[in-house]
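Peer 1: Have a look at this one before I ask anything.
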Amino acid sequence: MLGIDVSKETLTVALLAESRRLCWEMTVPNTAQGIRRLLHRTPPTDSWVVEPTGVYSRRIVQEGQAAGRAVLLAQPKRAKAFLASVQPRAKTDRVDSRGLALYGLSAGLRPFPVKSEAMERIEQLLAARKGISESLARLRQQRTVLPHAAAPLAAAITALEEQQRTVDRQLSQARTVLPVVTTLQEIPGIGPVTAMAVAACLATKQFDHPDQFVAYIGLDTRVRESGQRASRRALTTQGDAELRRLLYLCAQANLRSRDPANPFKQQYEREKAKGLTTTGALCAVARKLARTCWSLERHGTRYEEARVNHQPTIRMTPRKVEESKTP
């Protein structure tokens with residue numbers, strides 16, 4: 001198992017045998033020439049373990065897979081926890097490369113997903129729009145509290161608004177890559193930006209179950225109990241924070257709906273009746289929105305209001321019926 005610690009300039013690698021014995025380690029430049037040296041040194045049967053580091057890890061993953069290597073994905077948060085457990089007192093590139101190789105031997109890792117050029121373009125446009133939106137919000141707030149600088153701030157806001165419209169037009173043209181975006185926009189509260197972001201995530205990650213998607217965006221709850229001590233449940237807030245924010249805003253948008261039959265607004269009222277806070281109830285609605293998006297994308301169906309809160313019927317075999325009757 002080959003662990004690869006990726007940085008901007010270098011690739012620090014360590015090869016562990018099945019017995020977890022260190023065979024060799026080396027450092028090569030993070031360039032095409034350095035990757036060729038790595039391919040020449042390692043046999044085709046060795047799997048590579050790589051943490052995602054954006055553009056820095058893209059080349060090593062693409063060229064490794066093109067050469068027939070099994071490149072495995074080490075999820076950053078889990079890999080960090082594993083590395084801290086095996087070597088809590090030191091953190092260097094060499095230590096991390098050994099830890100990644102050991103992590104690959106200890107855990108069943110999935111292949112590293114490679115995004116198409118079209119998906120890369122969509123995700124970069126979404127990231128650019130997020131940055132523009134944050135800058136606009138900051139400048140609008142400054143215009144309120146800095147009246148003497150209102151003129152230059154207004155000019156900057158106008159320019160950014162034009163850039164935002166340009167990005168929105170480019171995202172609209174990219175919808176042909178993800179036809180499910182139109183379907184997702186049929187869900188109450190889901191707008192074009194959220195629909196595009198959710199569709200891109202679902203198409204790239206390929207979640208097998210809606211709970212995996214909910215956990216990925218950090219809308220699942222963390223439970224910590226020991227003996228008689230029961231802690232307060234809270235969101236894990238891990239994974240894609242931007243998707244979590246967008247779905248939370250979509251949940252808020254459903255509260256402004258005037259449709260009395262809106263299932264998401266009805267769910268909010270039920271959650272509030274249980275005693276949940278406003279934020280907790282909105283998070284529950286955001287989870288339902290995430291599950292609904294996953295279902296529409298996975299099964300290729302259209303949005304139906306009556307099916308949002310529909311619970312599937314579980315068919316029991318005669319044997320299970322008898323077992324359920326047994327005290």
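Order determines the names: the first chain of the structure tokens is A, the second B, and so forth; residues in each chain are numbered 1 upward, and ligands are numbered 1 upward as they are shown.
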Check region 7-228 of chain A with DSSP on the backbone and list each residue it calls helix (DSSP H, G or I), as an MDAnalysis selection string.
Peer 2: chainID A and resid 32:41 55:66 76:86 93:106 117:145 147:177 180:184 192:205 210:216
Peer 1: Just the residues within 10 Å of region 152-154 of chain A, please, counting only C-alpha atoms, with nothing from its chain fewer than 6 positions along; format it as a list of chain:residue names.
Peer 2: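 The neighbour list is A:Leu136, A:Leu139, A:Arg140, A:Gln141, A:Gln142, A:Arg143, A:Thr144, A:Leu146, A:Leu160.
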Peer 1: With only C-alpha atoms as the atoms that count, which of A:Lys274, A:Arg78, A:His148, A:Arg287 lies nearest to Ala251 (chain A)?
Peer 2: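 Ranking A:Lys274, A:Arg78, A:His148, A:Arg287 by distance to Ala251 (chain A), first place goes to A:Arg287.
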Peer 1: Considering only C-alpha atoms, can you say which of A:Ala137, A:Ala81, A:Leu247, A:Ile187 comes closest to Val214 (chain A)?
Peer 2: A:Leu247
Peer 1: Excluding Gln185 (chain A) and its own-chain neighbours fewer than 2 positions away, which residues fall within 12 Å of it when counting only C-alpha atoms? Please give them as an MDAnalysis selection string.
Peer 2: chainID A and resid 175 179:183 187:199 250 289 292:293 296:297 302:303
Peer 1: Could you save the residues just selected, with N, CA and C atoms, as an mmCIF file, in the first residue's frame?
Peer 2:
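Output contents, as saved in part_29.cif:
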data_model
loop_
_atom_site.group_PDB
_atom_site.id
_atom_site.type_symbol
_atom_site.label_atom_id
_atom_site.label_comp_id
_atom_site.auth_asym_id
_atom_site.auth_seq_id
_atom_site.Cartn_x
_atom_site.Cartn_y
_atom_site.Cartn_z
ATOM 1 N N ARG A 175 -26.690 23.828 -17.515
ATOM 2 C CA ARG A 175 -27.737 22.928 -17.028
ATOM 3 C C ARG A 175 -27.942 21.736 -17.933
ATOM 4 N N PRO A 179 -29.552 17.434 -16.346
ATOM 5 C CA PRO A 179 -30.981 17.663 -16.595
ATOM 6 C C PRO A 179 -31.837 17.599 -15.333
ATOM 7 N N VAL A 180 -31.336 16.931 -14.268
ATOM 8 C CA VAL A 180 -32.120 16.786 -13.052
ATOM 9 C C VAL A 180 -32.313 18.126 -12.345
ATOM 10 N N VAL A 181 -31.558 19.152 -12.724
ATOM 11 C CA VAL A 181 -31.694 20.467 -12.095
ATOM 12 C C VAL A 181 -33.122 20.977 -12.237
ATOM 13 N N THR A 182 -33.713 20.793 -13.406
ATOM 14 C CA THR A 182 -35.100 21.244 -13.632
ATOM 15 C C THR A 182 -36.060 20.522 -12.704
ATOM 16 N N THR A 183 -35.832 19.229 -12.487
ATOM 17 C CA THR A 183 -36.692 18.461 -11.590
ATOM 18 C C THR A 183 -36.551 18.929 -10.156
ATOM 19 N N ILE A 187 -39.221 21.260 -6.361
ATOM 20 C CA ILE A 187 -39.382 21.134 -4.915
ATOM 21 C C ILE A 187 -39.561 22.517 -4.321
ATOM 22 N N PRO A 188 -40.569 22.735 -3.480
ATOM 23 C CA PRO A 188 -40.773 24.060 -2.886
ATOM 24 C C PRO A 188 -39.538 24.545 -2.127
ATOM 25 N N GLY A 189 -39.154 25.780 -2.402
ATOM 26 C CA GLY A 189 -38.021 26.385 -1.714
ATOM 27 C C GLY A 189 -36.688 26.202 -2.408
ATOM 28 N N ILE A 190 -36.584 25.252 -3.354
ATOM 29 C CA ILE A 190 -35.323 24.986 -4.044
ATOM 30 C C ILE A 190 -35.201 25.922 -5.238
ATOM 31 N N GLY A 191 -34.184 26.764 -5.236
ATOM 32 C CA GLY A 191 -33.935 27.679 -6.335
ATOM 33 C C GLY A 191 -32.914 27.137 -7.310
ATOM 34 N N PRO A 192 -32.599 27.896 -8.365
ATOM 35 C CA PRO A 192 -31.683 27.398 -9.401
ATOM 36 C C PRO A 192 -30.272 27.139 -8.895
ATOM 37 N N VAL A 193 -29.748 27.991 -8.009
ATOM 38 C CA VAL A 193 -28.383 27.806 -7.519
ATOM 39 C C VAL A 193 -28.300 26.559 -6.639
ATOM 40 N N THR A 194 -29.252 26.407 -5.715
ATOM 41 C CA THR A 194 -29.253 25.227 -4.847
ATOM 42 C C THR A 194 -29.457 23.958 -5.659
ATOM 43 N N ALA A 195 -30.364 24.005 -6.640
ATOM 44 C CA ALA A 195 -30.606 22.829 -7.471
ATOM 45 C C ALA A 195 -29.343 22.417 -8.217
ATOM 46 N N MET A 196 -28.609 23.401 -8.735
ATOM 47 C CA MET A 196 -27.371 23.084 -9.451
ATOM 48 C C MET A 196 -26.321 22.512 -8.503
ATOM 49 N N ALA A 197 -26.182 23.103 -7.316
ATOM 50 C CA ALA A 197 -25.186 22.625 -6.354
ATOM 51 C C ALA A 197 -25.508 21.210 -5.884
ATOM 52 N N VAL A 198 -26.780 20.937 -5.585
ATOM 53 C CA VAL A 198 -27.175 19.602 -5.120
ATOM 54 C C VAL A 198 -26.996 18.578 -6.234
ATOM 55 N N ALA A 199 -27.410 18.940 -7.461
ATOM 56 C CA ALA A 199 -27.287 18.005 -8.580
ATOM 57 C C ALA A 199 -25.824 17.668 -8.862
ATOM 58 N N CYS A 250 -33.206 27.204 2.011
ATOM 59 C CA CYS A 250 -34.402 26.677 1.322
ATOM 60 C C CYS A 250 -35.484 26.312 2.330
ATOM 61 N N LEU A 289 -35.559 18.038 2.850
ATOM 62 C CA LEU A 289 -35.272 18.537 1.501
ATOM 63 C C LEU A 289 -34.124 17.757 0.868
ATOM 64 N N THR A 292 -35.349 14.340 -0.161
ATOM 65 C CA THR A 292 -36.216 14.443 -1.336
ATOM 66 C C THR A 292 -35.385 14.641 -2.595
ATOM 67 N N CYS A 293 -34.364 15.489 -2.529
ATOM 68 C CA CYS A 293 -33.486 15.701 -3.680
ATOM 69 C C CYS A 293 -32.787 14.406 -4.069
ATOM 70 N N LEU A 296 -35.280 12.014 -5.875
ATOM 71 C CA LEU A 296 -35.623 12.400 -7.245
ATOM 72 C C LEU A 296 -34.460 12.132 -8.192
ATOM 73 N N GLU A 297 -33.236 12.419 -7.737
ATOM 74 C CA GLU A 297 -32.081 12.203 -8.596
ATOM 75 C C GLU A 297 -31.793 10.718 -8.767
ATOM 76 N N ARG A 302 -40.363 12.547 -10.748
ATOM 77 C CA ARG A 302 -40.733 13.956 -10.616
ATOM 78 C C ARG A 302 -41.268 14.202 -9.214
ATOM 79 N N TYR A 303 -41.249 15.461 -8.821
ATOM 80 C CA TYR A 303 -41.700 15.821 -7.479
ATOM 81 C C TYR A 303 -43.213 15.663 -7.369
#
Peer 1: Choose the residue, out of A:Ala90, A:Thr204, A:Asp46, A:Glu305, that has the smallest atom-to-atom separation from Asp259 (chain A); count only C-alpha atoms.
Peer 2: A:Glu305
Peer 1: Between A:Thr176, A:Thr42, A:Ser295, A:Asn262, which has the minimum distance to Leu202 (chain A) (counting only C-alpha atoms)?
Peer 2: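 Of A:Thr176, A:Thr42, A:Ser295, A:Asn262, the one nearest Leu202 (chain A), counting only C-alpha atoms, is A:Ser295.
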